[in-house]
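Peer 1: First, the structure itself, so that you have it in front of you.
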Number of protein chains: 2
Amino acid sequence: MGIFSKTCEYALRAVFFIAHRTSEGGRVGIKEIASGVDSPEYFLAKILQDLSKRGIVQSAKGPNGGFYMEEKALKQPLSNIVQAIDGKSIFTGCALGLEICSEKNPCPLHNEFIDIRNQIQHLLQNTTIEEFNEDLNLGLTTLKK
Amino acid sequence: MGIFSKTCEYALRAVFFIAHRTSEGGRVGIKEIASGVDSPEYFLAKILQDLSKRGIVQSAKGPNGGFYMEEKALKQPLSNIVQAIDGKSIFTGCALGLEICSEKNPCPLHNEFIDIRNQIQHLLQNTTIEEFNEDLNLGLTTLKK
DNA sequence: TAAATAAAGGACAAAAAACTCTTTTATTTT
DNA sequence: AAAATAAAAGAGTTTTTTGTCCTTTATTTA
């Protein structure tokens with residue numbers, strides 16, 4: 001088990017892929033995305049349908065159609081994707097799975113995990129999707145395997 | 001989805017419970033543990049069977065039996081429990097789920113997550129189970145709901 | 001030594017997550 | 001307008017995780 005669900009991992013990789021392609025202009029089809037981020041095509045299609053409905057990515061049907069991202073979408077924080085798919089539990093949930101865990105009624109690990117959660121939250125909220133385009137273009141980072 | 005699997009959450013809570021009871025001497029039965037940490041009894045029984053086999057907790061059958069922990073077990077780091085159940089992916093895994101993600105072949109989030117992973121690892125490896133007994137005894141922390 | 005107790009073990013069942021396939025709808029190109 | 005293209009939608013299946021129940025084994029106590 002990772003930090004994110006598998007669905008969320010695929011989503012993030014796909015969005016990075018689309019963003020990087022969009023920055024070169026043009027749309028990209030599901031087949032190319034799926035193979036580009038090494039994920040199951042039909043499953044990823046469902047995920048992107050969902051992200052498209054939510055306006056996190058854009059899509060167009062028909063010839064020359066595909067997925068792409070508007071300027072505004074490129075400037076979204078990563079937290080939009082994560083929260084859309086995995087919810088906000090990663091930011092707010094209790095490490096021991098307690099529902100009622102707070103400063104006033106803490107689990108043993110409550111204080112230990114505050115910093116970690118804040119750091120994750122800060123990272124995801126203050127990093128935009130497009131920030132990763134350059135390194136992807138230069139081949140410095142990868143989205144496969 | 002939390003940081004840990006549900007199984008691991010139950011395990012941590014149960015171990016804290018046993019540790020805290022053990023510090024008062026004596027063994028504690030599965031029924032009491034399950035209700036004490038608000039988790040499904042039969043499921044938790046399986047989890048504790050596993051932890052017992054691995055020597056993370058101790059158990060005794062028969063009347064006056066139950067689960068308990070030896071001195072040495074109380075001094076284990078939390079990472080023993082987490083790693084036994086969820087594996088080491090939380091320490092080493094890639095945030096985007098890539099198998100081959102490293103300094104030399106990084107995913108876009110590789111560097112962003114290094115600190116976070118290190119912090120989680122440090123926390124779990126440098127915190128022992130018994131450290132939480134005092135606050136539990138004083139009722140300052142909770143393991144339920 | 002028989003009865004009672006409590007964990008261990010085995011074998012399922014239910015729910016959630018991950019994944020697949022087929023049909024429909026929208027759009028473009030010819 | 002017809003054909004071709006590509007996402008959307010619907011309806012599954014498979015796998016993994018979570019959870020349950022019943023029988024067996026070990027230990028203690030009467």
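Identifiers for the structure tokens are assigned positionally: chains receive A, B, ... in sequence, residues are indexed from 1 per chain, and ligands are indexed from 1 in the order shown.
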Looking only at alpha helix (DSSP H) from DSSP on the backbone, list the matching residues of stretch 11-142 of chain A as JSON, numbers by chain.
Peer 2: {"A": [11, 12, 13, 14, 15, 16, 17, 18, 19, 20, 21, 22, 30, 31, 32, 33, 34, 35, 36, 41, 42, 43, 44, 45, 46, 47, 48, 49, 50, 51, 52, 53, 71, 72, 73, 74, 78, 79, 80, 81, 82, 83, 84, 85, 86, 89, 90, 91, 92, 110, 111, 112, 113, 114, 115, 116, 117, 118, 119, 120, 121, 122, 123, 124, 125, 133, 134, 135, 136, 137]}
Peer 1: Give me, as a PyMOL selection string, the contact residues of chain B against chain D at a cut-off of 12 Å, counting only C-alpha atoms (C1' of nucleotides).
Peer 2: chain B and resi 5-8+10+39-47+59-66
Peer 1: Pick out the closest residue to chain A from this set: B:Val28, B:Ala84, B:Ala14, B:Ile120. Count only C-alpha atoms.
Peer 2: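 Nearest candidate to chain A out of B:Val28, B:Ala84, B:Ala14, B:Ile120: B:Ile120.
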Peer 1: Give me every strand (DSSP E or B) residue in stretch 13-111 of chain A, going by DSSP on the backbone, as a list of chain:residue names.
Peer 2: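 Reading the DSSP output for stretch 13-111 of chain A, strand (DSSP E or B) covers A:Val28, A:Gln58, A:Ser59, A:Ala60, A:Gly66, A:Phe67, A:Tyr68, A:Pro77.
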Peer 1: Keeping C-alpha atoms, export the residues of the selection given above as a PDB file, in the first residue's frame.
Peer 2:
```
ATOM      1  CA  VAL A  28      -3.814  13.061 -26.527  1.00  0.00           C
ATOM      2  CA  GLN A  58     -10.611  18.600 -20.361  1.00  0.00           C
ATOM      3  CA  SER A  59     -11.697  16.225 -23.121  1.00  0.00           C
ATOM      4  CA  ALA A  60     -13.105  16.302 -26.639  1.00  0.00           C
ATOM      5  CA  GLY A  66      -8.670  13.382 -26.747  1.00  0.00           C
ATOM      6  CA  PHE A  67      -7.677  14.749 -23.397  1.00  0.00           C
ATOM      7  CA  TYR A  68      -6.029  18.083 -22.799  1.00  0.00           C
ATOM      8  CA  PRO A  77      -2.482  22.215  -7.131  1.00  0.00           C
TER       9      PRO A  77
END
```
Peer 1: How many Å separate atom CA of B:Leu109 from atom CA of A:Glu71?
Peer 2: 21.4 Å
Peer 1: Using only C-alpha atoms (C1' of nucleotides), what does the table of chain C residues within 7 Å of chain A look like, with each row giving the shortest atom pair and its distance in Å to one decimal, sorted by chain and ascending number, as CSV?
Peer 2:
```
residue,atom,partner,partner_atom,distance
C:DC19,C1',A:Phe43,CA,5.9
C:DT20,C1',A:Tyr42,CA,6.8
C:DA26,C1',A:Lys61,CA,6.0
C:DT27,C1',A:Gly62,CA,4.4
C:DT28,C1',A:Pro63,CA,5.5
```
Peer 1: Limited to C-alpha atoms (C1' of nucleotides), could you put the picked residues into a file as a JSON list (two decimals), in the first residue's frame?
Peer 2:
```json
[["chain", "number", "residue", "atom", "x", "y", "z"],
["C", 19, "DC", "C1'", -9.84, -3.97, -13.89],
["C", 20, "DT", "C1'", -12.50, -5.32, -18.58],
["C", 26, "DA", "C1'", -20.67, 13.43, -29.90],
["C", 27, "DT", "C1'", -17.69, 15.28, -33.36],
["C", 28, "DT", "C1'", -15.15, 15.59, -37.50]]
```
Peer 1: Show me which bits of chain B are within 8 Å of chain A, counting only C-alpha atoms, as a PyMOL selection string.
Peer 2: chain B and resi 1-6+9-10+12-13+86+89-90+93-100+105-108+112+116+119-120+123+132+135-136+140-145
Peer 1: Tell me, in Å to one decimal, how far atom CA of B:Glu24 is from atom CA of B:Asn137.
Peer 2: 9.3 Å
